[in-house]
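Taking it in order: structure first as structure tokens, then the write-up.
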Amino acid sequence: MTNVKQETTHEAQHTAPVEAWDAIAALYDEHVAPGESDLAIAGLRLAGLQAGDTFLDVAAGTGGLSVPAARLGATVLATDWAPKMIEHLNALAGAEGLDAVGRVMDCHALDIADDTYDLTGSQIGVMLVADQAQALREMVRVTKPGGRVLLIAYGNPDEFEALHVFIGAVQAVVPEFEGPAEDEPMLEFQVADPDVLRQRLIDAGLKDVNVDTTNQERIEVRTGQQLWDWCLGGNPIPGMLVADLTDEQRADIIRVLDGMIRERSADGPAVLTAPLNIGVGTK
Ligand SMILES: C[S@@+](CC[C@H](N)C(=O)[O-])C[C@H]1O[C@@H](n2cnc3c(N)ncnc32)[C@H](O)[C@@H]1O
């Protein structure tokens, strides 16, 4: 591989098909979802989740938001278009005896009746889909009148530390690597501007919309391998960008990441942060 980006289609850099999410479901479950529970609880508290509420999780993955919601006493339906994600979620919910069940569903067309849920939420999920306006309208449609809709999304990409550390390490080994295309923002950051998120929630039919910008995603890693697994397990796009690297190049990148992480940590793990926008509105 010399310039991975030139060998990757433009569309592939911006969206990932369902098969690509299925392919990372095990990595996601092991390396990403467990680190999300503080964030999920912060979002659920901002949305006013109460024990006994019915909660719908949209683009739920392996349960990063659903599992904390069920542990807080909600009755949860978790939906995701990727069957492998739902398999992991159902296995965890079953093992813990949680009141949560997963079903395969595309967020653009939810197979759910109008006015069903007390709270409908999506964490780092509807944030990144192609027709976000349609997905938000669906979230509002299935929420009870007076119920709330929660959307947790990444903020400013310039402050997304893990992404920059990862790209820096790849460039240290493959200097011509350009990273994601700069001519069109990644869908992942389509509501990075809190005002855009606020307006999209209003346009979807919500009132009393508030966007909190005080929370961060915190990624704790001790080794380069852990950061590599977090990046490749959290979203298919990093894996697509480095698909043509040799095993030797991958091993070199992980060594570079090891050094970067050592520089950032004293005794404990290195902490990498990313800003978040947490939007909540009422139907
Ligand atoms: C970054 S993961 C977030 C998972 C989970 N919400 C969490 O907090 O850990 C994004 C999820 O969105 C799902 N997804 C992407 N497009 C989707 C769509 N059109 N309909 C439903 N789920 C989708 C993916 O399969 C993946 O599980």
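Chain lettering (A, B, ...) mirrors the order of the structure tokens, residue numbering begins at 1 for each chain separately, and ligand numbering begins at 1 in order of display.
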Practice item. Counting only C-alpha atoms and all ligand atoms, name the residues that have an atom within 6 Å of an atom of ligand 1; the answer should be given as a count of residues only. Key: 22
Please, which residues of region 28-269 of chain A, numbered as in this document, come out strand (DSSP E) from DSSP, as a JSON list (two decimals) with N, CA and C atoms, in the first residue's frame?
```
[["chain", "number", "residue", "atom", "x", "y", "z"],
["A", 54, "THR", "N", -40.50, 3.08, 29.49],
["A", 54, "THR", "CA", -40.18, 2.30, 28.30],
["A", 54, "THR", "C", -39.16, 3.10, 27.49],
["A", 55, "PHE", "N", -38.11, 2.41, 27.04],
["A", 55, "PHE", "CA", -37.01, 3.09, 26.34],
["A", 55, "PHE", "C", -36.71, 2.37, 25.03],
["A", 56, "LEU", "N", -36.68, 3.13, 23.95],
["A", 56, "LEU", "CA", -36.29, 2.59, 22.65],
["A", 56, "LEU", "C", -34.91, 3.12, 22.30],
["A", 57, "ASP", "N", -33.97, 2.20, 22.04],
["A", 57, "ASP", "CA", -32.62, 2.56, 21.61],
["A", 57, "ASP", "C", -32.52, 2.33, 20.11],
["A", 58, "VAL", "N", -32.08, 3.34, 19.38],
["A", 58, "VAL", "CA", -32.02, 3.28, 17.92],
["A", 58, "VAL", "C", -30.56, 3.28, 17.48],
["A", 75, "THR", "N", -37.58, -0.53, 30.73],
["A", 75, "THR", "CA", -37.92, -1.67, 29.86],
["A", 75, "THR", "C", -37.48, -1.27, 28.46],
["A", 76, "VAL", "N", -36.53, -2.04, 27.89],
["A", 76, "VAL", "CA", -35.80, -1.56, 26.71],
["A", 76, "VAL", "C", -36.06, -2.42, 25.47],
["A", 77, "LEU", "N", -36.33, -1.73, 24.36],
["A", 77, "LEU", "CA", -36.21, -2.37, 23.04],
["A", 77, "LEU", "C", -35.02, -1.73, 22.35],
["A", 78, "ALA", "N", -34.05, -2.56, 21.96],
["A", 78, "ALA", "CA", -32.83, -2.08, 21.30],
["A", 78, "ALA", "C", -32.88, -2.47, 19.84],
["A", 79, "THR", "N", -32.71, -1.49, 18.94],
["A", 79, "THR", "CA", -32.80, -1.79, 17.50],
["A", 79, "THR", "C", -31.50, -1.39, 16.80],
["A", 80, "ASP", "N", -31.12, -2.19, 15.84],
["A", 80, "ASP", "CA", -29.93, -1.89, 15.03],
["A", 80, "ASP", "C", -30.10, -2.66, 13.73],
["A", 100, "ALA", "N", -34.31, -6.16, 28.60],
["A", 100, "ALA", "CA", -33.91, -5.54, 27.32],
["A", 100, "ALA", "C", -33.91, -6.62, 26.26],
["A", 101, "VAL", "N", -34.45, -6.27, 25.10],
["A", 101, "VAL", "CA", -34.44, -7.22, 23.99],
["A", 101, "VAL", "C", -34.04, -6.46, 22.73],
["A", 102, "GLY", "N", -33.28, -7.15, 21.87],
["A", 102, "GLY", "CA", -32.82, -6.51, 20.65],
["A", 102, "GLY", "C", -33.56, -7.02, 19.43],
["A", 103, "ARG", "N", -33.81, -6.12, 18.48],
["A", 103, "ARG", "CA", -34.43, -6.51, 17.20],
["A", 103, "ARG", "C", -33.71, -5.80, 16.06],
["A", 104, "VAL", "N", -33.56, -6.50, 14.95],
["A", 104, "VAL", "CA", -32.92, -5.92, 13.77],
["A", 104, "VAL", "C", -33.91, -4.98, 13.09],
["A", 117, "TYR", "N", -43.15, 4.96, 22.98],
["A", 117, "TYR", "CA", -42.10, 4.95, 24.02],
["A", 117, "TYR", "C", -42.07, 6.24, 24.85],
["A", 118, "ASP", "N", -41.73, 6.06, 26.15],
["A", 118, "ASP", "CA", -41.53, 7.23, 27.02],
["A", 118, "ASP", "C", -40.28, 8.01, 26.59],
["A", 119, "LEU", "N", -39.26, 7.26, 26.22],
["A", 119, "LEU", "CA", -37.99, 7.89, 25.82],
["A", 119, "LEU", "C", -37.41, 7.11, 24.65],
["A", 120, "THR", "N", -36.97, 7.83, 23.63],
["A", 120, "THR", "CA", -36.30, 7.22, 22.48],
["A", 120, "THR", "C", -34.93, 7.86, 22.39],
["A", 121, "GLY", "N", -33.87, 7.04, 22.28],
["A", 121, "GLY", "CA", -32.52, 7.60, 22.28],
["A", 121, "GLY", "C", -31.61, 6.94, 21.27],
["A", 122, "SER", "N", -30.54, 7.65, 20.96],
["A", 122, "SER", "CA", -29.50, 7.07, 20.11],
["A", 122, "SER", "C", -28.16, 7.67, 20.50],
["A", 123, "GLN", "N", -27.19, 6.80, 20.78],
["A", 123, "GLN", "CA", -25.87, 7.24, 21.21],
["A", 123, "GLN", "C", -24.85, 6.91, 20.11],
["A", 143, "THR", "N", -42.30, 8.02, 19.66],
["A", 143, "THR", "CA", -42.26, 8.49, 21.05],
["A", 143, "THR", "C", -43.65, 9.00, 21.45],
["A", 144, "LYS", "N", -44.02, 8.74, 22.71],
["A", 144, "LYS", "CA", -45.33, 9.20, 23.19],
["A", 144, "LYS", "C", -45.40, 10.72, 23.22],
["A", 145, "PRO", "N", -46.56, 11.32, 22.99],
["A", 145, "PRO", "CA", -46.69, 12.77, 23.20],
["A", 145, "PRO", "C", -46.26, 13.10, 24.63],
["A", 146, "GLY", "N", -45.41, 14.09, 24.78],
["A", 146, "GLY", "CA", -44.88, 14.43, 26.11],
["A", 146, "GLY", "C", -43.63, 13.65, 26.46],
["A", 147, "GLY", "N", -43.31, 12.62, 25.68],
["A", 147, "GLY", "CA", -42.07, 11.85, 25.90],
["A", 147, "GLY", "C", -40.88, 12.61, 25.36],
["A", 148, "ARG", "N", -39.67, 12.06, 25.60],
["A", 148, "ARG", "CA", -38.44, 12.75, 25.18],
["A", 148, "ARG", "C", -37.66, 11.94, 24.14],
["A", 149, "VAL", "N", -36.89, 12.69, 23.37],
["A", 149, "VAL", "CA", -35.96, 12.09, 22.40],
["A", 149, "VAL", "C", -34.56, 12.57, 22.75],
["A", 150, "LEU", "N", -33.61, 11.62, 22.77],
["A", 150, "LEU", "CA", -32.21, 11.89, 23.17],
["A", 150, "LEU", "C", -31.29, 11.55, 22.01],
["A", 151, "LEU", "N", -30.40, 12.47, 21.66],
["A", 151, "LEU", "CA", -29.40, 12.15, 20.64],
["A", 151, "LEU", "C", -28.01, 12.53, 21.15],
["A", 152, "ILE", "N", -27.13, 11.54, 21.22],
["A", 152, "ILE", "CA", -25.74, 11.77, 21.66],
["A", 152, "ILE", "C", -24.85, 11.70, 20.42],
["A", 153, "ALA", "N", -24.10, 12.77, 20.18],
["A", 153, "ALA", "CA", -23.34, 12.88, 18.92],
["A", 153, "ALA", "C", -21.97, 13.51, 19.19],
["A", 154, "TYR", "N", -21.02, 13.20, 18.32],
["A", 154, "TYR", "CA", -19.70, 13.82, 18.45],
["A", 154, "TYR", "C", -19.76, 15.31, 18.15],
["A", 207, "LYS", "N", -39.97, 19.97, 20.80],
["A", 207, "LYS", "CA", -39.97, 21.30, 21.44],
["A", 207, "LYS", "C", -39.07, 21.24, 22.68],
["A", 208, "ASP", "N", -38.88, 22.40, 23.30],
["A", 208, "ASP", "CA", -38.03, 22.50, 24.51],
["A", 208, "ASP", "C", -36.68, 21.80, 24.30],
["A", 209, "VAL", "N", -36.08, 22.04, 23.15],
["A", 209, "VAL", "CA", -34.83, 21.35, 22.82],
["A", 209, "VAL", "C", -33.66, 21.99, 23.56],
["A", 210, "ASN", "N", -32.83, 21.15, 24.16],
["A", 210, "ASN", "CA", -31.62, 21.62, 24.81],
["A", 210, "ASN", "C", -30.44, 20.78, 24.34],
["A", 211, "VAL", "N", -29.32, 21.43, 24.04],
["A", 211, "VAL", "CA", -28.11, 20.68, 23.64],
["A", 211, "VAL", "C", -27.02, 20.96, 24.67],
["A", 212, "ASP", "N", -26.61, 19.91, 25.36],
["A", 212, "ASP", "CA", -25.56, 20.00, 26.37],
["A", 212, "ASP", "C", -24.21, 19.76, 25.69],
["A", 216, "GLN", "N", -17.82, 14.77, 27.66],
["A", 216, "GLN", "CA", -16.80, 14.28, 26.73],
["A", 216, "GLN", "C", -16.85, 12.76, 26.70],
["A", 217, "GLU", "N", -16.48, 12.20, 25.56],
["A", 217, "GLU", "CA", -16.17, 10.78, 25.54],
["A", 217, "GLU", "C", -14.75, 10.62, 26.06],
["A", 218, "ARG", "N", -14.54, 9.67, 26.97],
["A", 218, "ARG", "CA", -13.20, 9.41, 27.53],
["A", 218, "ARG", "C", -12.77, 8.00, 27.17],
["A", 219, "ILE", "N", -11.69, 7.90, 26.42],
["A", 219, "ILE", "CA", -11.19, 6.59, 26.01],
["A", 219, "ILE", "C", -9.93, 6.33, 26.83],
["A", 220, "GLU", "N", -9.94, 5.27, 27.62],
["A", 220, "GLU", "CA", -8.77, 4.94, 28.45],
["A", 220, "GLU", "C", -8.04, 3.76, 27.84],
["A", 221, "VAL", "N", -6.76, 3.97, 27.51],
["A", 221, "VAL", "CA", -5.97, 2.89, 26.90],
["A", 221, "VAL", "C", -4.59, 2.83, 27.54]]
```
Review point. Which residues, written as a PyMOL selection string, have at least one atom at most 9 Å from region 186-192 of chain A, with only C-alpha atoms counted and residues fewer than 2 positions away on the same chain left out?
Key: chain A and resi 13-15+124-125+127-130+132+153-157+180-182+184+194-198+200+275-277
Quick one: write out the picked residues with C-alpha atoms as a tab-separated table (two decimals), in the first residue's frame?
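Result written to again09.tsv:
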```tsv
chain	number	residue	atom	x	y	z
A	13	GLN	CA	-14.97	6.71	3.11
A	14	HIS	CA	-18.21	8.34	4.23
A	15	THR	CA	-20.62	5.49	4.82
A	124	ILE	CA	-23.23	7.73	18.47
A	125	GLY	CA	-25.73	5.98	16.17
A	127	MET	CA	-25.47	10.73	14.55
A	128	LEU	CA	-23.83	9.01	11.57
A	129	VAL	CA	-26.63	7.79	9.31
A	130	ALA	CA	-27.17	8.92	5.75
A	132	GLN	CA	-30.55	11.74	9.56
A	153	ALA	CA	-23.34	12.88	18.92
A	154	TYR	CA	-19.70	13.82	18.45
A	155	GLY	CA	-18.73	17.48	18.64
A	156	ASN	CA	-15.84	19.27	16.93
A	157	PRO	CA	-13.71	16.72	15.00
A	180	PRO	CA	-10.36	10.76	5.66
A	181	ALA	CA	-11.17	13.00	2.67
A	182	GLU	CA	-11.27	16.64	3.66
A	184	GLU	CA	-16.65	16.52	2.49
A	194	PRO	CA	-24.53	22.15	18.52
A	195	ASP	CA	-26.71	24.69	16.69
A	196	VAL	CA	-27.12	22.31	13.75
A	197	LEU	CA	-28.12	19.51	16.14
A	198	ARG	CA	-30.60	21.80	17.92
A	200	ARG	CA	-32.44	19.20	13.37
A	275	PRO	CA	-16.27	16.47	22.71
A	276	LEU	CA	-19.94	15.52	22.64
A	277	ASN	CA	-23.25	17.17	21.97
```
Exercise for review: Please run DSSP on the backbone and report, as a list in words, all residues within region 196-226 of chain A that come out as helix (DSSP H, G or I).
Suggested key: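 Restricting region 196-226 of chain A to helix (DSSP H, G or I) produces Val196, Leu197, Arg198, Gln199, Arg200, Leu201, Ile202, Asp203, Gly224, Gln225 and Gln226 of chain A.
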Review point. Leaving out region 26-32 of chain A and any residue of its chain fewer than 3 positions from it, which residues lie within 6 Å of it when counting only C-alpha atoms, given as number ranges by chain?
Key: A: 35, 62, 230, 233-234
Exercise for review: Provide the CA of Ser265 (chain A) to CA of Ala243 (chain A) distance in Å, to one decimal place.
Suggested key: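 About the pair CA of Ser265 (chain A) and CA of Ala243 (chain A): they are 29.2 Å apart.
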Check your understanding: Can you tell me how far CA of Glu36 (chain A) sits from CA of Leu89 (chain A), in Å to one decimal?
Key -> 14.2 Å
Practice item. Would you mind telling me which residue in A:Asp53, A:Asp38, A:Asp258, A:Glu19 lies nearest to Val165 (chain A) when using only C-alpha atoms? Key: A:Asp258
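Comparing the minimum interatomic distances between Leu49 (chain A) and each of A:Ile112, A:Val280, A:Asp158, A:Glu87, counting only C-alpha atoms, we find that A:Val280 sits nearest.
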Review point. Which distance in Å separates CA of Leu232 (chain A) and CA of Leu163 (chain A), to one decimal?
Key: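 Between CA of Leu232 (chain A) and CA of Leu163 (chain A) the gap works out to 10.8 Å.
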